[in-house]
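Novice: Structure supplied as query_33.cif; contents: mmCIF, C-alpha atoms.
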```
data_upload
loop_
_atom_site.label_atom_id
_atom_site.label_comp_id
_atom_site.auth_asym_id
_atom_site.auth_seq_id
_atom_site.Cartn_x
_atom_site.Cartn_y
_atom_site.Cartn_z
CA MET F 30 177.40 181.56 172.72
CA PRO F 31 177.41 182.06 168.95
CA VAL F 32 173.75 180.93 168.60
CA ILE F 33 171.02 182.91 170.33
CA ILE F 34 167.28 182.26 170.09
CA VAL F 35 165.27 185.21 171.42
CA ASN F 36 161.53 185.50 172.00
CA GLN F 37 161.29 189.26 172.25
CA THR F 38 162.23 192.27 170.18
CA PHE F 39 165.88 193.32 170.18
CA GLU F 40 167.73 196.34 168.86
CA PRO F 41 170.20 194.81 166.39
CA TRP F 42 173.02 197.33 166.72
CA SER F 43 173.21 197.42 170.51
CA GLU F 44 172.84 193.63 170.61
CA LEU F 45 175.67 193.32 168.11
CA GLN F 46 177.85 195.63 170.15
CA GLN F 47 177.26 193.51 173.25
CA GLN F 48 177.79 190.21 171.47
CA THR F 49 180.98 191.41 169.78
CA GLN F 50 182.39 192.17 173.19
CA ALA F 51 181.30 188.74 174.49
CA LEU F 52 182.98 186.83 171.64
CA SER F 53 186.62 185.87 171.85
CA LEU F 54 187.64 188.51 169.32
CA ARG F 55 190.80 190.38 170.11
CA PRO F 56 190.38 194.03 169.02
CA GLY F 57 192.82 194.72 166.21
CA SER F 58 192.98 191.06 165.16
CA TYR F 59 190.27 191.08 162.49
CA GLY F 60 189.94 193.35 159.48
CA ALA F 61 186.50 192.54 158.12
CA SER F 62 183.01 192.05 159.50
CA ASN F 63 179.89 191.25 157.53
CA ILE F 64 176.46 191.49 159.10
CA PHE F 65 173.13 190.45 157.65
CA LEU F 66 169.78 191.48 159.07
CA GLY F 67 166.46 189.98 158.08
CA THR F 68 163.64 192.34 159.00
CA MET F 69 159.89 191.73 159.01
CA ARG F 70 158.18 193.49 156.14
CA ASP F 71 154.59 194.71 156.44
CA PHE F 72 153.65 193.12 153.11
CA ASN F 73 154.29 189.78 151.41
CA GLU F 74 153.07 188.22 148.19
CA GLY F 75 150.83 191.21 147.51
CA ASP F 76 149.13 191.29 150.90
CA ASP F 77 149.49 193.58 153.90
CA VAL F 78 150.82 191.64 156.86
CA GLN F 79 150.09 192.94 160.35
CA ALA F 80 152.03 190.41 162.40
CA MET F 81 154.00 187.18 162.24
CA THR F 82 154.61 184.23 164.51
CA LEU F 83 157.77 182.17 164.24
CA GLU F 84 157.55 178.58 165.37
CA HIS F 85 160.70 176.54 165.90
CA TYR F 86 161.79 173.09 167.09
CA PRO F 87 163.53 173.76 170.40
CA GLY F 88 166.75 171.79 170.57
CA MET F 89 166.91 170.84 166.90
CA THR F 90 167.00 174.51 165.87
CA GLU F 91 169.94 175.39 168.11
CA LYS F 92 171.76 172.17 167.16
CA HIS F 93 171.49 172.95 163.44
CA LEU F 94 172.45 176.61 163.80
CA GLU F 95 175.53 175.55 165.76
CA ALA F 96 176.39 172.99 163.07
CA ILE F 97 176.03 175.68 160.38
CA ILE F 98 178.47 177.92 162.26
CA GLU F 99 180.93 175.04 162.61
CA GLU F 100 180.69 174.31 158.89
CA ALA F 101 181.26 177.97 158.07
CA LYS F 102 184.35 177.98 160.28
CA SER F 103 185.75 174.90 158.54
CA GLN F 104 184.97 176.09 154.99
CA PHE F 105 186.01 179.73 155.26
CA ASP F 106 188.95 181.51 156.82
CA ILE F 107 186.96 183.28 159.54
CA ASP F 108 187.54 184.08 163.19
CA GLU F 109 184.03 184.09 164.61
CA ALA F 110 180.39 183.86 163.60
CA LEU F 111 177.13 184.70 165.32
CA ILE F 112 173.48 183.90 164.67
CA ILE F 113 170.61 185.56 166.53
CA HIS F 114 167.09 184.44 165.56
CA ARG F 115 163.68 185.51 166.82
CA VAL F 116 160.87 183.11 167.69
CA GLY F 117 157.28 183.78 168.80
CA PRO F 118 155.19 186.82 167.84
CA ILE F 119 156.91 189.47 165.71
CA GLN F 120 155.76 192.92 164.59
CA PRO F 121 156.60 194.59 161.24
CA ALA F 122 160.00 196.32 161.12
CA GLU F 123 161.38 194.10 163.87
CA THR F 124 164.54 192.08 163.26
CA ILE F 125 163.90 188.38 162.55
CA VAL F 126 167.47 187.24 162.11
CA LEU F 127 170.96 188.65 162.53
CA THR F 128 174.01 186.82 161.22
CA ALA F 129 177.55 188.13 161.55
CA VAL F 130 181.03 186.98 160.58
CA TRP F 131 184.45 188.34 161.54
CA SER F 132 187.57 187.56 159.51
CA ALA F 133 190.96 188.88 158.43
CA HIS F 134 189.84 189.80 154.92
CA ARG F 135 186.60 190.85 153.27
CA LYS F 136 186.07 187.95 150.85
CA ALA F 137 185.76 185.35 153.61
CA ALA F 138 183.45 187.63 155.60
CA PHE F 139 181.05 188.07 152.67
CA ASP F 140 181.19 184.42 151.56
CA ALA F 141 180.79 182.95 155.02
CA ASN F 142 177.91 185.21 155.97
CA ARG F 143 176.05 184.37 152.78
CA PHE F 144 176.68 180.69 153.55
CA LEU F 145 175.21 181.12 157.05
CA MET F 146 172.06 182.69 155.65
CA GLU F 147 171.56 180.15 152.85
CA GLU F 148 172.08 177.20 155.17
CA LEU F 149 169.86 178.72 157.82
CA LYS F 150 167.08 179.29 155.27
CA HIS F 151 167.31 175.72 153.99
CA ARG F 152 168.06 173.68 157.11
CA ALA F 153 167.12 175.45 160.33
CA PRO F 154 163.69 174.38 161.59
CA PHE F 155 161.74 177.65 161.75
CA TRP F 156 158.28 178.24 160.32
CA LYS F 157 156.62 181.59 159.67
CA GLN F 158 152.91 182.19 160.09
CA GLU F 159 151.57 185.52 158.88
CA THR F 160 148.57 187.38 160.24
CA LEU F 161 146.92 189.46 157.49
CA GLN F 162 145.05 192.73 157.93
CA ASN F 163 141.68 190.97 158.20
CA GLY F 164 142.99 188.87 161.08
CA SER F 165 143.29 185.62 159.12
CA THR F 166 146.51 183.63 159.38
CA ARG F 167 148.51 181.71 156.80
CA TRP F 168 151.69 179.67 156.92
CA VAL F 169 154.47 180.86 154.63
CA GLU F 170 154.93 177.98 152.17
CA LYS F 171 158.48 178.59 151.03
CA ASN F 172 161.36 181.00 151.23
CA THR F 173 162.39 183.43 148.52
CA PRO F 174 165.40 182.05 146.63
CA GLY F 175 168.75 183.45 147.78
CA MET H 11 173.63 211.93 152.81
CA PRO H 12 174.60 208.41 151.76
CA VAL H 13 178.34 209.24 151.65
CA ILE H 14 180.07 210.37 154.83
CA ILE H 15 183.79 211.11 155.24
CA VAL H 16 184.80 211.31 158.90
CA ASN H 17 188.09 212.37 160.43
CA GLN H 18 187.57 210.94 163.89
CA THR H 19 186.74 207.61 165.45
CA PHE H 20 183.10 206.50 165.35
CA GLU H 21 181.19 203.66 166.97
CA PRO H 22 179.83 201.75 163.96
CA TRP H 23 176.61 200.41 165.51
CA SER H 24 175.37 203.66 166.99
CA GLU H 25 176.37 205.50 163.81
CA LEU H 26 174.46 202.94 161.76
CA GLN H 27 171.42 203.32 163.97
CA GLN H 28 171.47 207.09 163.47
CA GLN H 29 172.07 206.90 159.74
CA THR H 30 169.33 204.31 159.23
CA GLN H 31 166.90 206.72 160.82
CA ALA H 32 168.17 209.58 158.64
CA LEU H 33 167.73 207.64 155.39
CA SER H 34 164.39 207.58 153.62
CA LEU H 35 163.68 204.01 154.65
CA ARG H 36 160.13 203.31 155.71
CA PRO H 37 160.20 200.80 158.61
CA GLY H 38 158.56 197.59 157.43
CA SER H 39 159.36 198.27 153.77
CA TYR H 40 162.68 196.43 153.54
CA GLY H 41 163.43 192.82 154.46
CA ALA H 42 167.21 192.61 154.17
CA SER H 43 170.20 194.66 155.25
CA ASN H 44 173.83 193.85 154.68
CA ILE H 45 176.59 195.73 156.45
CA PHE H 46 180.31 195.50 155.92
CA LEU H 47 182.91 196.88 158.32
CA GLY H 48 186.57 197.30 157.55
CA THR H 49 188.55 197.53 160.77
CA MET H 50 192.17 198.49 161.30
CA ARG H 51 194.30 195.47 162.22
CA ASP H 52 197.37 195.84 164.42
CA PHE H 53 199.46 193.77 161.99
CA ASN H 54 199.93 193.67 158.22
CA GLU H 55 202.29 191.75 155.94
CA GLY H 56 204.05 190.23 158.95
CA ASP H 57 204.68 193.46 160.82
CA ASP H 58 203.07 195.00 163.87
CA VAL H 59 201.34 198.24 162.96
CA GLN H 60 200.82 200.85 165.65
CA ALA H 61 198.85 203.44 163.69
CA MET H 62 197.64 204.38 160.23
CA THR H 63 196.95 207.58 158.36
CA LEU H 64 194.42 207.69 155.55
CA GLU H 65 194.93 210.33 152.91
CA HIS H 66 192.17 211.14 150.45
CA TYR H 67 191.44 213.52 147.58
CA PRO H 68 188.73 215.83 148.96
CA GLY H 69 186.00 216.27 146.39
CA MET H 70 187.06 213.46 144.09
CA THR H 71 186.61 210.90 146.87
CA GLU H 72 183.05 211.96 147.69
CA LYS H 73 182.17 212.23 143.99
CA HIS H 74 183.34 208.68 143.29
CA LEU H 75 181.69 207.18 146.36
CA GLU H 76 178.42 208.82 145.33
CA ALA H 77 178.83 207.46 141.79
CA ILE H 78 179.45 203.97 143.20
CA ILE H 79 176.22 204.18 145.21
CA GLU H 80 174.29 205.34 142.13
CA GLU H 81 175.71 202.44 140.11
CA ALA H 82 174.75 199.98 142.84
CA LYS H 83 171.21 201.38 142.83
CA SER H 84 170.94 200.98 139.07
CA GLN H 85 172.46 197.47 138.94
CA PHE H 86 170.76 195.89 141.96
CA ASP H 87 167.23 195.96 143.31
CA ILE H 88 168.03 197.90 146.47
CA ASP H 89 166.30 200.65 148.43
CA GLU H 90 169.21 202.50 149.99
CA ALA H 91 172.97 202.37 150.41
CA LEU H 92 175.41 204.08 152.74
CA ILE H 93 179.19 204.52 152.81
CA ILE H 94 181.06 205.93 155.80
CA HIS H 95 184.86 206.19 155.44
CA ARG H 96 187.53 207.44 157.82
CA VAL H 97 190.35 209.77 156.85
CA GLY H 98 193.29 211.07 158.88
CA PRO H 99 195.00 209.24 161.76
CA ILE H 100 193.50 205.88 162.78
CA GLN H 101 194.28 203.56 165.69
CA PRO H 102 194.15 199.73 165.62
CA ALA H 103 190.65 198.25 166.12
CA GLU H 104 188.99 201.41 164.84
CA THR H 105 186.54 201.23 161.95
CA ILE H 106 188.01 202.37 158.61
CA VAL H 107 184.96 201.86 156.42
CA LEU H 108 181.30 200.97 156.86
CA THR H 109 179.12 200.09 153.87
CA ALA H 110 175.45 199.18 154.16
CA VAL H 111 172.66 198.22 151.78
CA TRP H 112 168.93 197.85 152.39
CA SER H 113 166.69 195.87 150.05
CA ALA H 114 163.56 193.72 149.84
CA HIS H 115 165.46 190.42 149.58
CA ARG H 116 168.78 189.08 150.78
CA LYS H 117 170.47 188.37 147.45
CA ALA H 118 170.45 191.99 146.32
CA ALA H 119 171.67 193.14 149.74
CA PHE H 120 174.68 190.79 149.67
CA ASP H 121 175.50 191.41 145.99
CA ALA H 122 175.17 195.19 146.16
CA ASN H 123 177.22 195.51 149.33
CA ARG H 124 180.01 193.44 147.87
CA PHE H 125 179.86 195.62 144.76
CA LEU H 126 180.18 198.76 146.92
CA MET H 127 183.27 197.40 148.63
CA GLU H 128 184.98 196.17 145.45
CA GLU H 129 184.36 199.42 143.62
CA LEU H 130 185.44 201.47 146.63
CA LYS H 131 188.67 199.47 146.91
CA HIS H 132 189.45 199.90 143.22
CA ARG H 133 188.23 203.41 142.43
CA ALA H 134 187.89 205.60 145.49
CA PRO H 135 190.97 207.80 146.03
CA PHE H 136 192.17 206.82 149.50
CA TRP H 137 195.73 205.92 150.44
CA LYS H 138 196.88 204.16 153.59
CA GLN H 139 200.15 204.91 155.33
CA GLU H 140 201.15 202.60 158.17
CA THR H 141 203.28 203.50 161.17
CA LEU H 142 205.22 200.47 162.39
CA GLN H 143 206.30 199.73 165.97
CA ASN H 144 209.71 201.34 165.45
CA GLY H 145 208.02 204.57 164.37
CA SER H 146 208.88 204.25 160.67
CA THR H 147 206.13 204.81 158.12
CA ARG H 148 205.32 203.03 154.87
CA TRP H 149 202.64 203.46 152.23
CA VAL H 150 200.44 200.43 151.58
CA GLU H 151 201.22 199.47 147.98
CA LYS H 152 198.07 197.60 147.07
CA ASN H 153 194.87 196.18 148.45
CA THR H 154 194.23 192.53 149.24
CA PRO H 155 192.20 190.97 146.44
CA GLY H 156 188.47 190.75 147.16
CA MET I 3 158.97 150.11 172.65
CA SER I 4 157.75 153.69 172.86
CA ILE I 5 158.34 156.43 170.30
CA GLN I 6 157.63 160.12 170.78
CA VAL I 7 156.23 161.75 167.60
CA ARG I 8 156.10 165.53 167.05
CA TYR I 9 154.40 167.67 164.40
CA PHE I 10 155.23 171.28 163.63
CA ALA I 11 153.70 174.31 161.94
CA SER I 12 150.99 173.73 159.30
CA LEU I 13 151.26 169.95 159.72
CA GLY I 14 150.33 170.23 163.39
CA ASP I 15 147.39 172.43 162.39
CA GLN I 16 146.23 169.91 159.76
CA LEU I 17 146.45 166.96 162.13
CA GLY I 18 144.94 168.95 164.99
CA ARG I 19 147.69 167.92 167.40
CA GLN I 20 151.39 168.58 168.06
CA GLU I 21 152.39 165.12 169.23
CA ASP I 22 151.67 161.43 169.44
CA GLN I 23 153.05 158.45 171.31
CA VAL I 24 153.57 155.34 169.17
CA GLN I 25 154.04 151.85 170.62
CA ALA I 26 155.81 149.18 168.56
CA GLU I 27 156.88 145.56 169.18
CA GLY I 28 159.91 145.28 166.89
CA PRO I 29 161.99 147.34 164.44
CA ILE I 30 159.98 150.08 162.78
CA THR I 31 160.81 152.68 160.11
CA VAL I 32 159.99 156.40 160.03
CA ALA I 33 157.35 155.68 157.37
CA GLU I 34 155.74 153.07 159.62
CA VAL I 35 155.77 155.47 162.55
CA TRP I 36 153.85 157.95 160.38
CA GLN I 37 151.36 155.25 159.28
CA GLN I 38 150.71 154.15 162.82
CA ALA I 39 150.52 157.63 164.34
CA THR I 40 148.13 158.99 161.68
CA ASP I 41 146.01 155.86 161.13
CA GLY I 42 147.31 155.39 157.60
CA LEU I 43 146.95 158.98 156.39
CA PRO I 44 148.92 159.50 153.14
CA MET I 45 152.07 161.47 153.91
CA PRO I 46 151.79 164.97 152.40
CA PRO I 47 154.28 165.73 149.63
CA ASN I 48 157.37 167.77 150.62
CA ILE I 49 157.09 166.72 154.24
CA LEU I 50 160.39 166.67 156.12
CA MET I 51 161.28 164.34 158.95
CA ALA I 52 163.82 164.16 161.74
CA VAL I 53 164.96 161.43 164.11
CA ASN I 54 166.44 162.67 167.38
CA GLN I 55 166.62 166.15 165.87
CA GLU I 56 168.64 165.11 162.81
CA TYR I 57 167.09 165.10 159.33
CA ALA I 58 166.10 161.57 158.27
CA GLU I 59 164.53 159.61 155.40
CA THR I 60 161.37 157.47 155.47
CA ASP I 61 163.31 154.19 155.61
CA GLN I 62 165.37 155.00 158.70
CA THR I 63 164.89 152.48 161.53
CA ILE I 64 163.73 153.76 164.89
CA ASN I 65 164.95 152.59 168.30
CA ASP I 66 163.22 152.64 171.66
CA GLY I 67 163.06 156.12 173.12
CA ASP I 68 163.75 157.88 169.82
CA GLU I 69 162.03 161.14 168.99
CA VAL I 70 160.55 161.37 165.49
CA ALA I 71 159.34 164.67 164.03
CA PHE I 72 157.42 165.57 160.87
CA PHE I 73 157.15 169.08 159.51
CA PRO I 74 156.68 171.19 156.34
CA PRO I 75 159.57 172.92 154.52
CA VAL I 76 161.35 175.37 156.80
CA THR I 77 160.84 179.12 156.30
CA GLY I 78 163.04 180.92 158.81
CA GLY I 79 165.50 183.73 158.36
CA MET L 14 196.52 229.21 130.44
CA SER L 15 196.97 228.01 134.03
CA ILE L 16 196.67 224.44 135.25
CA GLN L 17 196.55 223.31 138.86
CA VAL L 18 198.51 220.05 139.44
CA ARG L 19 198.12 217.90 142.56
CA TYR L 20 200.10 214.92 143.88
CA PHE L 21 198.90 212.47 146.50
CA ALA L 22 200.27 209.89 148.93
CA SER L 23 203.68 208.32 148.16
CA LEU L 24 203.98 210.34 144.95
CA GLY L 25 203.75 213.60 146.89
CA ASP L 26 206.42 212.28 149.25
CA GLN L 27 208.71 211.30 146.36
CA LEU L 28 208.33 214.67 144.65
CA GLY L 29 208.59 216.54 147.93
CA ARG L 30 205.50 218.64 147.21
CA GLN L 31 201.72 218.26 146.97
CA GLU L 32 201.03 220.65 144.13
CA ASP L 33 202.33 222.61 141.18
CA GLN L 34 201.02 225.36 138.94
CA VAL L 35 201.69 224.79 135.22
CA GLN L 36 201.47 227.56 132.60
CA ALA L 37 200.83 226.61 128.95
CA GLU L 38 200.29 228.61 125.75
CA GLY L 39 198.15 226.21 123.75
CA PRO L 40 196.50 222.76 124.01
CA ILE L 41 198.41 220.43 126.29
CA THR L 42 197.92 216.77 127.29
CA VAL L 43 198.06 215.17 130.73
CA ALA L 44 201.44 213.64 129.82
CA GLU L 45 202.77 217.08 128.86
CA VAL L 46 201.48 218.55 132.11
CA TRP L 47 203.48 215.88 133.97
CA GLN L 48 206.60 216.59 131.88
CA GLN L 49 206.40 220.30 132.49
CA ALA L 50 205.54 220.08 136.20
CA THR L 51 208.30 217.58 137.02
CA ASP L 52 211.01 218.90 134.66
CA GLY L 53 210.88 215.77 132.50
CA LEU L 54 210.92 213.15 135.27
CA PRO L 55 209.89 209.72 133.90
CA MET L 56 206.35 208.96 135.02
CA PRO L 57 206.42 206.10 137.57
CA PRO L 58 204.72 202.88 136.44
CA ASN L 59 201.18 202.27 137.74
CA ILE L 60 200.62 205.97 138.31
CA LEU L 61 196.97 207.04 138.06
CA MET L 62 195.76 210.43 136.88
CA ALA L 63 192.60 212.48 137.08
CA VAL L 64 191.34 215.59 135.32
CA ASN L 65 188.81 217.62 137.26
CA GLN L 66 188.46 214.70 139.66
CA GLU L 67 187.60 212.13 136.98
CA TYR L 68 190.05 209.37 136.05
CA ALA L 69 191.90 210.22 132.82
CA GLU L 70 194.54 208.86 130.44
CA THR L 71 197.86 210.46 129.50
CA ASP L 72 196.58 211.71 126.11
CA GLN L 73 193.61 213.67 127.44
CA THR L 74 193.71 217.37 126.49
CA ILE L 75 193.62 219.94 129.27
CA ASN L 76 191.70 223.21 129.24
CA ASP L 77 192.35 226.46 131.06
CA GLY L 78 191.49 226.21 134.74
CA ASP L 79 191.47 222.40 134.79
CA GLU L 80 192.75 220.51 137.81
CA VAL L 81 195.12 217.61 137.04
CA ALA L 82 196.08 215.05 139.69
CA PHE L 83 198.64 212.23 139.79
CA PHE L 84 198.63 209.51 142.41
CA PRO L 85 199.60 205.87 143.15
CA PRO L 86 197.09 202.99 143.15
CA VAL L 87 194.32 203.58 145.68
CA THR L 88 194.28 201.55 148.92
CA GLY L 89 191.17 202.56 150.82
CA GLY L 90 188.49 200.47 152.45
#
```
Take the structure in this file and express it as structure tokens.
Specialist:
Amino acid sequence: MPVIIVNQTFEPWSELQQQTQALSLRPGSYGASNIFLGTMRDFNEGDDVQAMTLEHYPGMTEKHLEAIIEEAKSQFDIDEALIIHRVGPIQPAETIVLTAVWSAHRKAAFDANRFLMEELKHRAPFWKQETLQNGSTRWVEKNTPG
Amino acid sequence: MPVIIVNQTFEPWSELQQQTQALSLRPGSYGASNIFLGTMRDFNEGDDVQAMTLEHYPGMTEKHLEAIIEEAKSQFDIDEALIIHRVGPIQPAETIVLTAVWSAHRKAAFDANRFLMEELKHRAPFWKQETLQNGSTRWVEKNTPG
Amino acid sequence: MSIQVRYFASLGDQLGRQEDQVQAEGPITVAEVWQQATDGLPMPPNILMAVNQEYAETDQTINDGDEVAFFPPVTGG
Amino acid sequence: MSIQVRYFASLGDQLGRQEDQVQAEGPITVAEVWQQATDGLPMPPNILMAVNQEYAETDQTINDGDEVAFFPPVTGG
């Protein structure tokens, strides 16, 4: 399954190792992999952030992430792509999102992975709510430009 | 040490986990990581390849990789960068190169990591020699364009 | 006909609920679903909407059993 | 003065050796080092050169104790 929504912390590198083995990637067939990790920072817009909650739209989220992967596969010369995204409560330094692309050559790997992240940021129904140090919460209004 | 030359196979994800901990990266301080892996394919230019040997210029190679990292740090808003490169005999499906960049936002992580790979491909003194299925060897004449 | 309406994130907080059920006699647009569900509340600027989990515009016509959702700009990743 | 010369990859194979030691009386350029080390062999096209592990051109002047290297286009990564 190239789209995975998880509601608990995961170690990105061991998860990636597992998922790589689960994908239909013949060892020796691909020459390039590009991986992006989005990690929760403990500050944002000048404030200390102590926690975050990620809301999503179950069903629509998966559907759109799968569509983004299909589009990446049709636009770029890639073998496989993977998106793992957290939902629910998240602590600083935890991984929010992991995207990965495997291809024959490096250009497609870089281009396709950037495409995955930009499309995900703009289209996938996720919403971040931050909890500040004083315990108050606020919804993140918009993403940083890519 | 952000530049590592290794003469034996390494598991990229566990190596990355170790190196991330060794770098001066405060957990929660960075929001984006981009990782590129170059992997040995078992075919090239229409021929099956059974093994590869990577020659390098000890001293000059490290010096240039370190210079490339310094340039990336001065040109892009990034926190840290890492290059791990194999030398010596390599088997198909093994990792040849791993580059990684950590930054606050995704754009710098993507741009800087691509910069690392392009500069490495053009400037770092490494040379690939392929061993074909019939046992004959040939030097790779030039890189694929990025 | 019966239409399931869902609200997400800050919009759900503002309305004080995550869903509504709207009843309609004939053809109805997304904008009319919003009007009916919120008792004529002006639609906040930048609001996004989806019909059956696909992005939609205010003038899209809704069928019986459709799911309509309203939510603020997405901020994942 | 004494100059260490190194050859890498296919160039080392073609020359049948990985290094030479060149002796010179006065100032000498990279091109002259090549001439002397290879007994006047024409320099292959696309060849790259380095002096003390920095990329250099054929007209760069060499000092005593310098290390000069010649090699084909790089193909790492």
Novice: Identify, on the basis of only C-alpha atoms, every residue whose closest approach to Arg148 (chain H) does not exceed 10 Å; exclude the query and any residue fewer than 5 positions from it along the same chain; express the result as a ChimeraX atom specification.
Specialist: /H:62,138-142 /L:23
Novice: Can you tell me which residues surround Gln62 (chain I) at a distance of at most 10 Å, considering only C-alpha atoms, apart from same-chain residues fewer than 4 positions away, and format the answer as a list in words?
Specialist: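 Residues meeting the cut-off are Ile30, Thr31, Val32, Ala33, Glu34, Ala52, Val53 and Ala58 of chain I.
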Novice: Would you mind exporting C-alpha atoms of the selected residues as a PDB file, in the coordinates of the input?
Specialist:
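Heads up, here's the output in again_9.pdb:
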```pdb
ATOM      1  CA  ILE I  30     159.980 150.080 162.780  1.00  0.00           C
ATOM      2  CA  THR I  31     160.810 152.680 160.110  1.00  0.00           C
ATOM      3  CA  VAL I  32     159.990 156.400 160.030  1.00  0.00           C
ATOM      4  CA  ALA I  33     157.350 155.680 157.370  1.00  0.00           C
ATOM      5  CA  GLU I  34     155.740 153.070 159.620  1.00  0.00           C
ATOM      6  CA  ALA I  52     163.820 164.160 161.740  1.00  0.00           C
ATOM      7  CA  VAL I  53     164.960 161.430 164.110  1.00  0.00           C
ATOM      8  CA  ALA I  58     166.100 161.570 158.270  1.00  0.00           C
TER       9      ALA I  58
END
```
Novice: In Å to one decimal, how far is CA of Pro12 (chain H) from CA of Arg115 (chain F)?
Specialist: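 Spanning CA of Arg115 (chain F) to CA of Pro12 (chain H) is a straight-line distance of 29.5 Å.
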Novice: Kindly resolve the PyMOL selection byres ((chain H and resi 54) around 12) on the present coordinates and return the residues as number ranges by chain.
Specialist: F: 57-60, 133-134; H: 50-53, 55-62, 102, 138-143, 148-154
Novice: Let me know the residues the PyMOL selection byres ((chain F and resi 89) around 12) catches in the file above, as an NGL selection string.
Specialist: (:F and (34 or 85-88 or 90-96 or 152-155)) or (:I and (51-57 or 69-71))
Novice: Which neighbours of Phe125 (chain H) fall inside 10 Å, counting all atoms listed in the file, when residues of the same chain fewer than 2 positions from it are skipped, and could you give them as a PyMOL selection string?
Specialist: chain H and resi 78-79+81-82+85-86+119-123+127-131
Novice: Kindly provide, as a VMD selection string, the polymer residues lying within 9 Å of (201.3, 213.0, 147.0), counting only C-alpha atoms and using the coordinates exactly as they appear in the file.
Specialist: chain L and resid 19 to 32 83 to 85
Novice: Wanna dump the chain L-chain H contacts at 6 Å for me, each residue with its shortest atom pair and the distance in Å to one decimal, counting only C-alpha atoms, ordered by chain and number, as a tab-separated table?
Specialist:
```
residue	atom	partner	partner_atom	distance
L:Gln66	CA	H:Met70	CA	4.8
L:Val87	CA	H:Pro135	CA	5.4
L:Thr88	CA	H:Trp137	CA	4.8
L:Gly89	CA	H:Phe136	CA	4.6
L:Gly90	CA	H:Val107	CA	5.5
```
Novice: Report, in Å with one decimal, the straight-line distance from CA of Val130 (chain F) to CA of Asp108 (chain F).
Specialist: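 These two atoms are separated by 7.6 Å.
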Novice: Taking the file as I've supplied it (selection: the PyMOL selection byres ((chain H and resi 18) around 8)), which residues are included? Please answer as a short mmCIF file (atom, residue, chain, number, x, y, z; two decimals) with C-alpha atoms, in the frame of the given file.
Specialist:
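What ended up in expr_4.cif:
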```
data_model
loop_
_atom_site.label_atom_id
_atom_site.label_comp_id
_atom_site.auth_asym_id
_atom_site.auth_seq_id
_atom_site.Cartn_x
_atom_site.Cartn_y
_atom_site.Cartn_z
CA VAL H 16 184.80 211.31 158.90
CA ASN H 17 188.09 212.37 160.43
CA THR H 19 186.74 207.61 165.45
CA PHE H 20 183.10 206.50 165.35
CA ARG H 96 187.53 207.44 157.82
CA VAL H 97 190.35 209.77 156.85
CA GLY H 98 193.29 211.07 158.88
CA PRO H 99 195.00 209.24 161.76
CA ILE H 100 193.50 205.88 162.78
#
```
Novice: What does the distance between CA of Thr40 (chain I) and CA of Asp22 (chain I) come to in Å, to one decimal place?
Specialist: 8.9 Å
Novice: Give the answer as one residue: which of H:Ala32, H:Ile45, H:Leu92, H:Ala118 has the shortest atom-to-atom distance to chain F, using all atoms listed in the file?
Specialist: H:Ile45
Novice: From the options F:Arg135, F:Leu45, F:Pro56, F:Ser165, which residue's atoms come nearest to Ile107 (chain F), counting only C-alpha atoms?
Specialist: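 Selected residue with least distance to Ile107 (chain F): F:Arg135.
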Novice: Can you work out which one of F:Ser53, F:Ser62, F:Gln47, F:Asn163 has the shortest atom-to-atom distance to chain H, counting all atoms listed in the file?
Specialist: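 For chain H, the nearest of the candidates is F:Ser62.
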Novice: Working from the structure I just supplied, which lacks atoms in region 89-95 of chain H, can you model N, CA, C and O atoms there and output them as a compact mmCIF listing (two decimals), in the frame of the given file?
Specialist:
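Output (selection_11.txt):
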```
# COMPACT_ATOMS: atom_id res chain seq x y z
N ASP H 89 167.02 199.43 148.03
CA ASP H 89 166.30 200.65 148.43
C ASP H 89 167.26 201.78 148.78
O ASP H 89 167.04 202.92 148.40
N GLU H 90 168.29 201.47 149.53
CA GLU H 90 169.21 202.50 149.99
C GLU H 90 170.60 201.91 150.16
O GLU H 90 170.76 200.70 150.31
N ALA H 91 171.60 202.79 150.15
CA ALA H 91 172.97 202.37 150.41
C ALA H 91 173.69 203.50 151.13
O ALA H 91 173.33 204.67 151.00
N LEU H 92 174.69 203.13 151.89
CA LEU H 92 175.41 204.08 152.74
C LEU H 92 176.89 203.72 152.75
O LEU H 92 177.23 202.54 152.83
N ILE H 93 177.74 204.73 152.64
CA ILE H 93 179.19 204.52 152.81
C ILE H 93 179.71 205.54 153.81
O ILE H 93 179.50 206.75 153.64
N ILE H 94 180.37 205.06 154.85
CA ILE H 94 181.06 205.93 155.80
C ILE H 94 182.54 205.54 155.75
O ILE H 94 182.87 204.36 155.86
N HIS H 95 183.42 206.51 155.56
CA HIS H 95 184.86 206.19 155.44
C HIS H 95 185.67 207.17 156.27
O HIS H 95 185.44 208.36 156.23
```
